[in-house]
$ cat data.pdb   # PDB, C-alpha atoms
ATOM      1  CA  MET A 284    -310.258 124.965  -9.248
ATOM      2  CA  ASN A 285    -308.937 128.412  -8.299
ATOM      3  CA  ILE A 286    -307.978 129.388  -4.744
ATOM      4  CA  VAL A 287    -307.652 132.975  -3.521
ATOM      5  CA  LEU A 288    -306.060 133.732  -0.115
ATOM      6  CA  VAL A 289    -306.926 137.193   1.252
ATOM      7  CA  HIS A 290    -304.920 138.688   4.122
ATOM      8  CA  GLY A 291    -306.222 140.819   6.973
ATOM      9  CA  ILE A 292    -305.412 144.266   8.360
ATOM     10  CA  LEU A 293    -301.670 145.029   8.539
ATOM     11  CA  GLY A 294    -301.207 142.003   6.311
ATOM     12  CA  PHE A 295    -299.069 141.326   3.253
ATOM     13  CA  ARG A 296    -298.443 138.700   0.612
ATOM     14  CA  GLU A 297    -294.800 138.118   1.537
ATOM     15  CA  ARG A 298    -292.305 140.285   3.396
ATOM     16  CA  PHE A 299    -288.657 139.562   4.201
ATOM     17  CA  GLY A 300    -289.179 135.985   3.082
ATOM     18  CA  ILE A 301    -292.160 135.508   5.425
ATOM     19  CA  GLU A 302    -295.568 134.641   3.999
ATOM     20  CA  TYR A 303    -298.709 135.959   5.704
ATOM     21  CA  PHE A 304    -300.334 132.578   5.049
ATOM     22  CA  ASN A 305    -297.328 130.618   6.271
ATOM     23  CA  GLY A 306    -296.891 127.567   4.029
ATOM     24  CA  VAL A 307    -300.574 127.512   3.059
ATOM     25  CA  ARG A 308    -300.019 128.142  -0.628
ATOM     26  CA  GLU A 309    -297.519 125.311  -0.842
ATOM     27  CA  ARG A 310    -299.828 122.874   0.952
ATOM     28  CA  LEU A 311    -302.861 123.739  -1.174
ATOM     29  CA  ALA A 312    -300.874 123.375  -4.396
ATOM     30  CA  LYS A 313    -301.727 119.666  -4.238
ATOM     31  CA  PHE A 314    -305.283 120.642  -5.168
ATOM     32  CA  THR A 315    -304.536 123.134  -7.933
ATOM     33  CA  PRO A 316    -301.724 125.262  -9.367
ATOM     34  CA  ASN A 317    -304.137 128.174  -9.662
ATOM     35  CA  ILE A 318    -303.546 129.935  -6.336
ATOM     36  CA  PHE A 319    -303.524 133.705  -6.002
ATOM     37  CA  VAL A 320    -302.603 135.835  -2.992
ATOM     38  CA  PRO A 321    -303.612 139.486  -3.495
ATOM     39  CA  ALA A 322    -301.621 142.274  -1.845
ATOM     40  CA  LEU A 323    -304.102 144.753  -0.365
ATOM     41  CA  SER A 324    -303.482 148.026   1.462
ATOM     42  CA  PRO A 325    -302.392 146.994   4.987
ATOM     43  CA  THR A 326    -304.471 149.691   6.682
ATOM     44  CA  GLY A 327    -307.078 150.402   4.012
ATOM     45  CA  SER A 328    -310.784 150.610   4.720
ATOM     46  CA  ILE A 329    -313.128 147.785   3.775
ATOM     47  CA  PRO A 330    -314.409 149.587   0.629
ATOM     48  CA  THR A 331    -310.857 150.467  -0.425
ATOM     49  CA  ARG A 332    -309.526 146.959   0.058
ATOM     50  CA  GLY A 333    -312.661 145.399  -1.418
ATOM     51  CA  GLU A 334    -312.181 147.289  -4.660
ATOM     52  CA  GLU A 335    -308.457 146.512  -4.665
ATOM     53  CA  LEU A 336    -309.386 142.852  -4.330
ATOM     54  CA  ARG A 337    -311.783 143.104  -7.267
ATOM     55  CA  ALA A 338    -309.181 144.798  -9.484
ATOM     56  CA  GLN A 339    -306.475 142.266  -8.639
ATOM     57  CA  LEU A 340    -308.810 139.341  -9.245
ATOM     58  CA  PHE A 341    -309.696 140.707 -12.675
ATOM     59  CA  GLU A 342    -305.993 141.006 -13.436
ATOM     60  CA  ALA A 343    -305.363 137.445 -12.215
ATOM     61  CA  PHE A 344    -308.153 136.078 -14.403
ATOM     62  CA  GLY A 345    -306.753 138.037 -17.345
ATOM     63  CA  ASN A 346    -303.100 136.997 -17.029
ATOM     64  CA  GLY A 347    -303.749 133.292 -16.421
ATOM     65  CA  THR A 348    -302.929 133.166 -12.706
ATOM     66  CA  LEU A 349    -306.558 132.148 -12.243
ATOM     67  CA  ASP A 350    -308.507 130.120 -14.786
ATOM     68  CA  PRO A 351    -311.740 131.940 -15.702
ATOM     69  CA  GLU A 352    -313.289 128.601 -16.667
ATOM     70  CA  GLN A 353    -312.771 127.095 -13.208
ATOM     71  CA  ARG A 354    -314.761 127.703 -10.023
ATOM     72  CA  THR A 355    -313.004 130.001  -7.564
ATOM     73  CA  HIS A 356    -312.857 129.588  -3.796
ATOM     74  CA  VAL A 357    -311.867 132.541  -1.641
ATOM     75  CA  ILE A 358    -310.358 131.894   1.801
ATOM     76  CA  ALA A 359    -309.951 135.099   3.784
ATOM     77  CA  HIS A 360    -308.492 135.859   7.190
ATOM     78  CA  SER A 361    -309.687 138.599   9.541
ATOM     79  CA  GLN A 362    -310.542 141.838   7.702
ATOM     80  CA  GLY A 363    -309.954 140.044   4.414
ATOM     81  CA  GLY A 364    -313.274 138.270   4.890
ATOM     82  CA  LEU A 365    -315.063 141.602   5.206
ATOM     83  CA  ASP A 366    -313.312 142.953   2.110
ATOM     84  CA  ALA A 367    -314.493 139.919   0.133
ATOM     85  CA  ARG A 368    -318.035 140.239   1.506
ATOM     86  CA  PHE A 369    -318.129 143.877   0.397
ATOM     87  CA  MET A 370    -316.821 143.031  -3.074
ATOM     88  CA  LEU A 371    -319.441 140.313  -3.591
ATOM     89  CA  SER A 372    -322.440 141.987  -1.953
ATOM     90  CA  PRO A 373    -325.403 143.053  -4.114
ATOM     91  CA  GLY A 374    -325.397 146.185  -1.950
ATOM     92  CA  ASN A 375    -321.963 147.274  -3.208
ATOM     93  CA  PRO A 376    -322.585 150.567  -5.049
ATOM     94  CA  ASN A 377    -319.474 150.058  -7.195
ATOM     95  CA  THR A 378    -320.690 146.817  -8.763
ATOM     96  CA  VAL A 379    -321.974 146.932 -12.336
ATOM     97  CA  PRO A 380    -322.512 144.044 -14.787
ATOM     98  CA  ALA A 381    -319.086 144.607 -16.326
ATOM     99  CA  ASN A 382    -317.164 144.137 -13.057
ATOM    100  CA  ASP A 383    -319.435 141.726 -11.152
ATOM    101  CA  LEU A 384    -317.330 138.758 -10.055
ATOM    102  CA  SER A 385    -320.088 136.873  -8.232
ATOM    103  CA  GLY A 386    -320.556 134.542 -11.186
ATOM    104  CA  ARG A 387    -316.939 133.389 -10.912
ATOM    105  CA  ILE A 388    -316.742 133.007  -7.118
ATOM    106  CA  ARG A 389    -318.147 129.690  -5.911
ATOM    107  CA  SER A 390    -317.440 130.126  -2.202
ATOM    108  CA  LEU A 391    -316.117 132.449   0.468
ATOM    109  CA  THR A 392    -314.708 131.030   3.693
ATOM    110  CA  THR A 393    -313.801 133.567   6.360
ATOM    111  CA  ILE A 394    -311.375 132.770   9.175
ATOM    112  CA  SER A 395    -311.809 134.848  12.333
ATOM    113  CA  SER A 396    -313.362 137.772  10.504
ATOM    114  CA  PRO A 397    -315.057 140.183  12.929
ATOM    115  CA  HIS A 398    -318.510 140.094  11.338
ATOM    116  CA  GLN A 399    -319.981 141.699  14.447
ATOM    117  CA  GLY A 400    -316.945 143.867  15.072
ATOM    118  CA  SER A 401    -314.042 143.450  17.468
ATOM    119  CA  PRO A 402    -313.851 144.759  21.042
ATOM    120  CA  ILE A 403    -310.174 145.398  20.374
ATOM    121  CA  ALA A 404    -311.026 147.754  17.503
ATOM    122  CA  ASP A 405    -313.340 149.590  19.917
ATOM    123  CA  LEU A 406    -310.547 149.696  22.494
ATOM    124  CA  LEU A 407    -307.882 150.971  20.090
ATOM    125  CA  LEU A 408    -310.242 153.568  18.690
ATOM    126  CA  GLY A 409    -310.288 155.089  22.131
ATOM    127  CA  ARG A 410    -313.802 154.417  23.333
ATOM    128  CA  PRO A 411    -312.490 153.279  26.733
ATOM    129  CA  LEU A 412    -309.116 155.031  26.453
ATOM    130  CA  ASP A 413    -310.338 158.520  25.639
ATOM    131  CA  HIS A 414    -312.456 158.568  28.798
ATOM    132  CA  VAL A 415    -309.412 157.606  30.873
ATOM    133  CA  LEU A 416    -307.305 160.297  29.227
ATOM    134  CA  GLU A 417    -310.096 162.838  29.580
ATOM    135  CA  ALA A 418    -310.147 162.260  33.346
ATOM    136  CA  PHE A 419    -306.488 163.313  33.498
ATOM    137  CA  ILE A 420    -306.355 166.139  30.954
ATOM    138  CA  HIS A 421    -309.959 167.350  31.202
ATOM    139  CA  HIS A 422    -310.235 167.895  27.464
ATOM    140  CA  PRO A 423    -312.309 165.377  25.441
ATOM    141  CA  HIS A 424    -311.135 166.511  21.984
ATOM    142  CA  LEU A 425    -307.481 166.486  23.001
ATOM    143  CA  SER A 426    -307.859 162.982  24.439
ATOM    144  CA  GLU A 427    -309.336 161.778  21.149
ATOM    145  CA  ASP A 428    -306.435 163.397  19.274
ATOM    146  CA  LEU A 429    -303.913 161.638  21.521
ATOM    147  CA  VAL A 430    -305.510 158.257  20.835
ATOM    148  CA  ARG A 431    -305.560 158.946  17.091
ATOM    149  CA  THR A 432    -301.901 160.042  17.155
ATOM    150  CA  GLY A 433    -300.947 156.906  19.088
ATOM    151  CA  LEU A 434    -302.605 154.715  16.472
ATOM    152  CA  GLU A 435    -300.783 156.509  13.679
ATOM    153  CA  LEU A 436    -297.458 155.977  15.451
ATOM    154  CA  LEU A 437    -298.286 152.261  15.488
ATOM    155  CA  GLY A 438    -299.006 152.377  11.769
ATOM    156  CA  LEU A 439    -302.765 152.050  12.207
ATOM    157  CA  ASP A 440    -305.202 154.263  10.305
ATOM    158  CA  SER A 441    -307.948 155.096  12.784
ATOM    159  CA  ASP A 442    -310.458 155.575   9.958
ATOM    160  CA  ALA A 443    -309.685 152.083   8.617
ATOM    161  CA  LEU A 444    -309.791 150.593  12.106
ATOM    162  CA  ALA A 445    -313.198 152.191  12.602
ATOM    163  CA  ASP A 446    -314.603 149.813   9.980
ATOM    164  CA  LEU A 447    -313.883 146.928  12.366
ATOM    165  CA  SER A 448    -315.731 148.428  15.351
ATOM    166  CA  THR A 449    -318.932 146.855  16.598
ATOM    167  CA  GLU A 450    -320.975 149.907  15.609
ATOM    168  CA  SER A 451    -319.611 150.035  12.065
ATOM    169  CA  MET A 452    -320.054 146.304  11.513
ATOM    170  CA  ASN A 453    -323.699 146.454  12.618
ATOM    171  CA  GLN A 454    -324.246 149.053   9.902
ATOM    172  CA  PHE A 455    -322.168 147.074   7.402
ATOM    173  CA  ASN A 456    -324.252 143.931   7.909
ATOM    174  CA  GLN A 457    -327.444 145.837   7.186
ATOM    175  CA  LYS A 458    -326.115 147.595   4.086
ATOM    176  CA  PHE A 459    -324.230 144.735   2.438
ATOM    177  CA  PRO A 460    -326.177 141.457   2.291
ATOM    178  CA  ASP A 461    -324.642 138.207   1.111
ATOM    179  CA  HIS A 462    -324.840 137.241  -2.541
ATOM    180  CA  PRO A 463    -327.326 134.394  -3.125
ATOM    181  CA  ALA A 464    -325.082 132.728  -5.729
ATOM    182  CA  VAL A 465    -322.085 132.389  -3.388
ATOM    183  CA  ARG A 466    -321.613 129.704  -0.750
ATOM    184  CA  TYR A 467    -320.467 131.196   2.556
ATOM    185  CA  CYS A 468    -318.793 129.569   5.540
ATOM    186  CA  SER A 469    -317.104 130.961   8.630
ATOM    187  CA  ILE A 470    -314.366 129.626  10.899
ATOM    188  CA  ALA A 471    -313.725 130.989  14.386
ATOM    189  CA  GLY A 472    -310.686 130.831  16.606
ATOM    190  CA  ALA A 473    -311.358 130.026  20.262
ATOM    191  CA  GLY A 474    -307.812 130.351  21.551
ATOM    192  CA  ARG A 475    -305.317 127.577  22.204
ATOM    193  CA  SER A 476    -306.524 124.450  23.973
ATOM    194  CA  GLY A 477    -303.992 124.867  26.790
ATOM    195  CA  THR A 478    -302.946 127.846  28.877
ATOM    196  CA  PRO A 479    -302.220 130.568  28.157
ATOM    197  CA  GLU A 480    -304.902 130.626  25.495
ATOM    198  CA  THR A 481    -302.944 132.868  23.143
ATOM    199  CA  SER A 482    -299.406 134.015  22.540
ATOM    200  CA  ARG A 483    -298.006 136.421  25.094
ATOM    201  CA  LEU A 484    -298.442 139.283  22.633
ATOM    202  CA  LEU A 485    -302.205 138.702  22.367
ATOM    203  CA  PHE A 486    -302.915 137.505  25.894
ATOM    204  CA  GLY A 487    -303.783 140.915  27.312
ATOM    205  CA  PHE A 488    -306.313 141.400  24.530
ATOM    206  CA  TYR A 489    -307.652 137.890  25.156
ATOM    207  CA  LEU A 490    -308.244 138.678  28.830
ATOM    208  CA  TYR A 491    -309.832 142.022  27.983
ATOM    209  CA  ILE A 492    -312.301 140.426  25.555
ATOM    210  CA  LYS A 493    -313.019 137.591  27.994
ATOM    211  CA  SER A 494    -313.767 140.019  30.818
ATOM    212  CA  LEU A 495    -315.974 142.125  28.565
ATOM    213  CA  THR A 496    -317.932 139.368  26.812
ATOM    214  CA  ASN A 497    -317.238 136.161  28.784
ATOM    215  CA  GLU A 498    -316.677 134.539  25.391
ATOM    216  CA  PRO A 499    -313.912 132.379  23.981
ATOM    217  CA  ASN A 500    -311.829 134.360  21.536
ATOM    218  CA  ASP A 501    -308.556 134.248  19.627
ATOM    219  CA  GLY A 502    -307.110 137.399  21.147
ATOM    220  CA  LEU A 503    -308.805 139.768  18.709
ATOM    221  CA  VAL A 504    -312.185 138.329  17.680
ATOM    222  CA  THR A 505    -314.850 136.462  19.657
ATOM    223  CA  VAL A 506    -316.209 133.141  18.435
ATOM    224  CA  SER A 507    -319.722 134.561  18.045
ATOM    225  CA  SER A 508    -318.454 137.489  15.976
ATOM    226  CA  ALA A 509    -316.500 135.172  13.676
ATOM    227  CA  GLN A 510    -319.345 132.674  13.215
ATOM    228  CA  ARG A 511    -321.605 134.527  10.812
ATOM    229  CA  TRP A 512    -322.758 131.397   8.996
ATOM    230  CA  ARG A 513    -323.235 128.535  11.434
ATOM    231  CA  ILE A 514    -323.936 125.868   8.805
ATOM    232  CA  ASP A 515    -320.697 123.921   8.377
ATOM    233  CA  SER A 516    -319.027 126.418  10.706
ATOM    234  CA  GLN A 517    -315.850 125.336  12.490
ATOM    235  CA  ILE A 518    -313.980 126.393  15.608
ATOM    236  CA  TRP A 519    -310.203 126.153  15.591
ATOM    237  CA  PRO A 520    -308.150 125.858  18.835
ATOM    238  CA  ALA A 521    -305.923 128.725  17.781
ATOM    239  CA  ASP A 522    -305.149 132.368  18.379
ATOM    240  CA  HIS A 523    -305.369 135.004  15.649
ATOM    241  CA  ALA A 524    -301.812 134.417  14.427
ATOM    242  CA  ASP A 525    -301.919 130.610  14.793
ATOM    243  CA  GLU A 526    -304.760 130.606  12.251
ATOM    244  CA  ILE A 527    -302.365 131.715   9.522
ATOM    245  CA  GLY A 528    -299.427 129.636  10.730
ATOM    246  CA  HIS A 529    -297.433 131.996  12.948
ATOM    247  CA  ASP A 530    -296.404 131.244  16.531
ATOM    248  CA  LEU A 531    -295.822 134.693  18.008
ATOM    249  CA  ASP A 532    -294.147 133.190  21.086
ATOM    250  CA  ALA A 533    -291.275 131.803  19.032
ATOM    251  CA  LEU A 534    -288.105 133.721  18.260
ATOM    252  CA  ASP A 535    -288.080 132.334  14.728
ATOM    253  CA  PRO A 536    -290.476 134.392  12.549
ATOM    254  CA  LYS A 537    -291.129 131.309  10.437
ATOM    255  CA  ALA A 538    -292.052 129.109  13.424
ATOM    256  CA  THR A 539    -295.414 127.387  13.149
ATOM    257  CA  PRO A 540    -297.958 126.748  15.935
ATOM    258  CA  ASP A 541    -298.773 123.380  17.483
ATOM    259  CA  PHE A 542    -302.258 123.577  15.956
ATOM    260  CA  ASP A 543    -302.496 121.780  12.597
ATOM    261  CA  TYR A 544    -303.552 124.855  10.672
ATOM    262  CA  LEU A 545    -302.460 123.390   7.330
ATOM    263  CA  GLY A 546    -304.819 120.478   7.903
ATOM    264  CA  GLY A 547    -307.486 123.072   8.624
ATOM    265  CA  TYR A 548    -306.973 124.715   5.242
ATOM    266  CA  GLU A 549    -307.065 121.342   3.528
ATOM    267  CA  GLY A 550    -310.291 120.619   5.372
ATOM    268  CA  ILE A 551    -311.891 123.723   3.891
ATOM    269  CA  LEU A 552    -311.378 122.270   0.422
ATOM    270  CA  MET A 553    -312.054 118.623   1.274
ATOM    271  CA  GLY A 554    -314.937 118.995   3.710
ATOM    272  CA  GLY A 555    -317.506 120.301   1.282
ATOM    273  CA  THR A 556    -317.215 123.977   2.132
ATOM    274  CA  ALA A 557    -315.554 124.891  -1.147
ATOM    275  CA  ARG A 558    -317.416 122.561  -3.485
TER     276      ARG A 558
END

$ encode --input "data.pdb" --output "structure tokens"
Amino acid sequence: MNIVLVHGILGFRERFGIEYFNGVRERLAKFTPNIFVPALSPTGSIPTRGEELRAQLFEAFGNGTLDPEQRTHVIAHSQGGLDARFMLSPGNPNTVPANDLSGRIRSLTTISSPHQGSPIADLLLGRPLDHVLEAFIHHPHLSEDLVRTGLELLGLDSDALADLSTESMNQFNQKFPDHPAVRYCSIAGAGRSGTPETSRLLFGFYLYIKSLTNEPNDGLVTVSSAQRWRIDSQIWPADHADEIGHDLDALDPKATPDFDYLGGYEGILMGGTAR
């Protein structure tokens, strides 16, 4: 068995001794030594990251990190799930017989991927904000430029973020169908079981999404947006960072959430999803 863990937007493999998938690789090593964590562009678009993922998987199969004779299970968080969908889709214009990986990928499990887009992407792109700014400065193009500049100061590429908007994802879903040879499953985060439902850092976003959609969410993605494939679908009592093992309320960057996220990852492999 091979396992591939794909990070989301602004993500990384490891930085300053902190793993994006906090302790997940170590826990899943009981199933197989063949575990690969690609390092994709933190703010790249879905097509850019999807092709980076393809190239790095080919390299991993070639250098022995992944066994080409074993079935491969991809577990992807947030945008990583969309990157993997793009890579595997029959609609991908970059796929040719020589680089088609669909025959090697047995399953794709996405965790809180915004398959229908994220209201927070819409918000950060300025759809509500530019109208507010326009009311003060009376200049629509300047207001859009201010929003774009603000995103860049935060390290966010507005063009990449646009891929995660509701409008873009509606188009994406029409253009890039699932591959019939791959087993797909989706996991959604509904927020923590207690209150507040997310870390303090994500709570404002949680309330915004709740007021807009009246849906449970993990602070960035609604449950309905994350649940693309309802067969065998799961809902985790976690916020967007809890899902990958990070408690954003803690002072220790390596602190883990109360939710048993490692058991959740084991469940993906043991519950039939990745068989």

$ residues_around --input "data.pdb" --residues "Gln457 of chain A" --least-positions-apart "6" --cutoff "12 Å" --atoms "only C-alpha atoms" --output "mmCIF file with C-alpha atoms, keeping the file's coordinate frame"
data_model
loop_
_atom_site.group_PDB
_atom_site.id
_atom_site.type_symbol
_atom_site.label_atom_id
_atom_site.label_comp_id
_atom_site.auth_asym_id
_atom_site.auth_seq_id
_atom_site.Cartn_x
_atom_site.Cartn_y
_atom_site.Cartn_z
ATOM 1 C CA PHE A 369 -318.129 143.877 0.397
ATOM 2 C CA SER A 372 -322.440 141.987 -1.953
ATOM 3 C CA PRO A 373 -325.403 143.053 -4.114
ATOM 4 C CA GLY A 374 -325.397 146.185 -1.950
ATOM 5 C CA ASN A 375 -321.963 147.274 -3.208
ATOM 6 C CA HIS A 398 -318.510 140.094 11.338
ATOM 7 C CA GLN A 399 -319.981 141.699 14.447
ATOM 8 C CA GLU A 450 -320.975 149.907 15.609
ATOM 9 C CA SER A 451 -319.611 150.035 12.065
#

$ closest_residue --input "data.pdb" --among "A:Gln362, A:Gln353, A:Ser395, A:Thr331" --to "Cys468 of chain A" --atoms "all atoms listed in the file"
A:Ser395

$ atom_distance --input "data.pdb" --atom1 "atom CA of Ser516 of chain A" --atom2 "atom CA of Ser476 of chain A"
18.3 Å

$ resolve_selection --input "data.pdb" --expression "the PyMOL selection byres ((chain A and resi 502) around 8)" --output "ChimeraX atom specification"
/A:474,481,485-490,492,500-501,503-505,522-523

$ closest_residue --input "data.pdb" --among "A:Asp446, A:Asp543, A:Glu480, A:Glu342" --to "Ile527 of chain A" --atoms "all atoms listed in the file"
A:Asp543

$ resolve_selection --input "data.pdb" --expression "the PyMOL selection byres ((chain A and resi 396) around 10)" --output "ChimeraX atom specification"
/A:291,359-366,392-395,397-401,447,469-472,503-506,508-511,523

$ atom_distance --input "data.pdb" --atom1 "atom CA of Asn453 of chain A" --atom2 "atom CA of Ala338 of chain A"
26.5 Å

$ closest_residue --input "data.pdb" --among "A:Asp461, A:Asp525, A:Asp530, A:Asp350" --to "Val287 of chain A" --atoms "all atoms listed in the file"
A:Asp350

$ resolve_selection --input "data.pdb" --expression "the PyMOL selection byres ((chain A and resi 547) around 12)" --output "PyMOL selection string"
chain A and resi 307+310-311+358+392+394+470-472+517-521+525-528+542-546+548-554+556

$ atom_distance --input "data.pdb" --atom1 "atom CA of Leu407 of chain A" --atom2 "atom CA of Thr326 of chain A"
13.9 Å

$ closest_residue --input "data.pdb" --among "A:Val320, A:Ile403, A:Leu531, A:Leu391" --to "Val357 of chain A" --atoms "all atoms listed in the file"
A:Leu391

$ closest_residue --input "data.pdb" --among "A:Ala322, A:Asn317, A:Arg337, A:Gly306" --to "Gly294 of chain A" --atoms "only C-alpha atoms"
A:Ala322

$ closest_residue --input "data.pdb" --among "A:Leu293, A:Ile286, A:Leu349, A:Ala464" --to "Asp383 of chain A" --atoms "only C-alpha atoms"
A:Ala464

$ decode --input "data.pdb" --residues "segment 521-541 of chain A" --atoms "N, CA and C atoms" --output "PDB file, in the first residue's frame"
ATOM      1  N   ALA A 521     -14.702  18.918  14.160  1.00  0.00           N
ATOM      2  CA  ALA A 521     -13.406  19.588  14.144  1.00  0.00           C
ATOM      3  C   ALA A 521     -13.476  20.864  13.325  1.00  0.00           C
ATOM      4  N   ASP A 522     -12.566  21.802  13.626  1.00  0.00           N
ATOM      5  CA  ASP A 522     -12.434  22.956  12.750  1.00  0.00           C
ATOM      6  C   ASP A 522     -11.367  22.652  11.700  1.00  0.00           C
ATOM      7  N   HIS A 523     -11.104  23.632  10.829  1.00  0.00           N
ATOM      8  CA  HIS A 523     -10.267  23.366   9.653  1.00  0.00           C
ATOM      9  C   HIS A 523      -8.837  22.986  10.040  1.00  0.00           C
ATOM     10  N   ALA A 524      -8.350  23.522  11.139  1.00  0.00           N
ATOM     11  CA  ALA A 524      -6.997  23.190  11.593  1.00  0.00           C
ATOM     12  C   ALA A 524      -6.979  21.913  12.428  1.00  0.00           C
ATOM     13  N   ASP A 525      -8.034  21.680  13.221  1.00  0.00           N
ATOM     14  CA  ASP A 525      -8.136  20.433  13.989  1.00  0.00           C
ATOM     15  C   ASP A 525      -8.012  19.220  13.079  1.00  0.00           C
ATOM     16  N   GLU A 526      -8.548  19.333  11.873  1.00  0.00           N
ATOM     17  CA  GLU A 526      -8.585  18.191  10.939  1.00  0.00           C
ATOM     18  C   GLU A 526      -7.200  17.686  10.569  1.00  0.00           C
ATOM     19  N   ILE A 527      -6.201  18.560  10.687  1.00  0.00           N
ATOM     20  CA  ILE A 527      -4.830  18.141  10.380  1.00  0.00           C
ATOM     21  C   ILE A 527      -3.956  18.138  11.642  1.00  0.00           C
ATOM     22  N   GLY A 528      -4.615  18.231  12.806  1.00  0.00           N
ATOM     23  CA  GLY A 528      -3.902  18.037  14.059  1.00  0.00           C
ATOM     24  C   GLY A 528      -3.318  19.262  14.698  1.00  0.00           C
ATOM     25  N   HIS A 529      -3.882  20.454  14.431  1.00  0.00           N
ATOM     26  CA  HIS A 529      -3.356  21.679  15.010  1.00  0.00           C
ATOM     27  C   HIS A 529      -4.437  22.419  15.791  1.00  0.00           C
ATOM     28  N   ASP A 530      -4.174  22.651  17.070  1.00  0.00           N
ATOM     29  CA  ASP A 530      -5.070  23.436  17.916  1.00  0.00           C
ATOM     30  C   ASP A 530      -4.590  24.883  17.890  1.00  0.00           C
ATOM     31  N   LEU A 531      -5.286  25.726  17.146  1.00  0.00           N
ATOM     32  CA  LEU A 531      -4.847  27.105  16.963  1.00  0.00           C
ATOM     33  C   LEU A 531      -5.055  27.964  18.212  1.00  0.00           C
ATOM     34  N   ASP A 532      -5.750  27.431  19.208  1.00  0.00           N
ATOM     35  CA  ASP A 532      -5.925  28.170  20.462  1.00  0.00           C
ATOM     36  C   ASP A 532      -4.739  27.997  21.398  1.00  0.00           C
ATOM     37  N   ALA A 533      -3.915  27.007  21.141  1.00  0.00           N
ATOM     38  CA  ALA A 533      -2.795  26.712  22.034  1.00  0.00           C
ATOM     39  C   ALA A 533      -1.579  27.569  21.693  1.00  0.00           C
ATOM     40  N   LEU A 534      -0.781  27.865  22.685  1.00  0.00           N
ATOM     41  CA  LEU A 534       0.444  28.623  22.464  1.00  0.00           C
ATOM     42  C   LEU A 534       1.532  27.759  21.832  1.00  0.00           C
ATOM     43  N   ASP A 535       1.464  26.473  22.072  1.00  0.00           N
ATOM     44  CA  ASP A 535       2.436  25.535  21.518  1.00  0.00           C
ATOM     45  C   ASP A 535       2.037  25.193  20.079  1.00  0.00           C
ATOM     46  N   PRO A 536       2.881  25.495  19.091  1.00  0.00           N
ATOM     47  CA  PRO A 536       2.526  25.214  17.696  1.00  0.00           C
ATOM     48  C   PRO A 536       2.378  23.731  17.383  1.00  0.00           C
ATOM     49  N   LYS A 537       2.872  22.881  18.283  1.00  0.00           N
ATOM     50  CA  LYS A 537       2.740  21.445  18.063  1.00  0.00           C
ATOM     51  C   LYS A 537       1.573  20.847  18.850  1.00  0.00           C
ATOM     52  N   ALA A 538       0.796  21.694  19.523  1.00  0.00           N
ATOM     53  CA  ALA A 538      -0.338  21.205  20.320  1.00  0.00           C
ATOM     54  C   ALA A 538      -1.389  20.578  19.415  1.00  0.00           C
ATOM     55  N   THR A 539      -1.990  19.497  19.894  1.00  0.00           N
ATOM     56  CA  THR A 539      -3.001  18.793  19.122  1.00  0.00           C
ATOM     57  C   THR A 539      -4.397  19.062  19.687  1.00  0.00           C
ATOM     58  N   PRO A 540      -5.431  18.934  18.873  1.00  0.00           N
ATOM     59  CA  PRO A 540      -6.800  19.197  19.337  1.00  0.00           C
ATOM     60  C   PRO A 540      -7.348  18.058  20.185  1.00  0.00           C
ATOM     61  N   ASP A 541      -8.463  18.310  20.848  1.00  0.00           N
ATOM     62  CA  ASP A 541      -9.123  17.261  21.628  1.00  0.00           C
ATOM     63  C   ASP A 541      -9.687  16.170  20.720  1.00  0.00           C
TER      64      ASP A 541
END
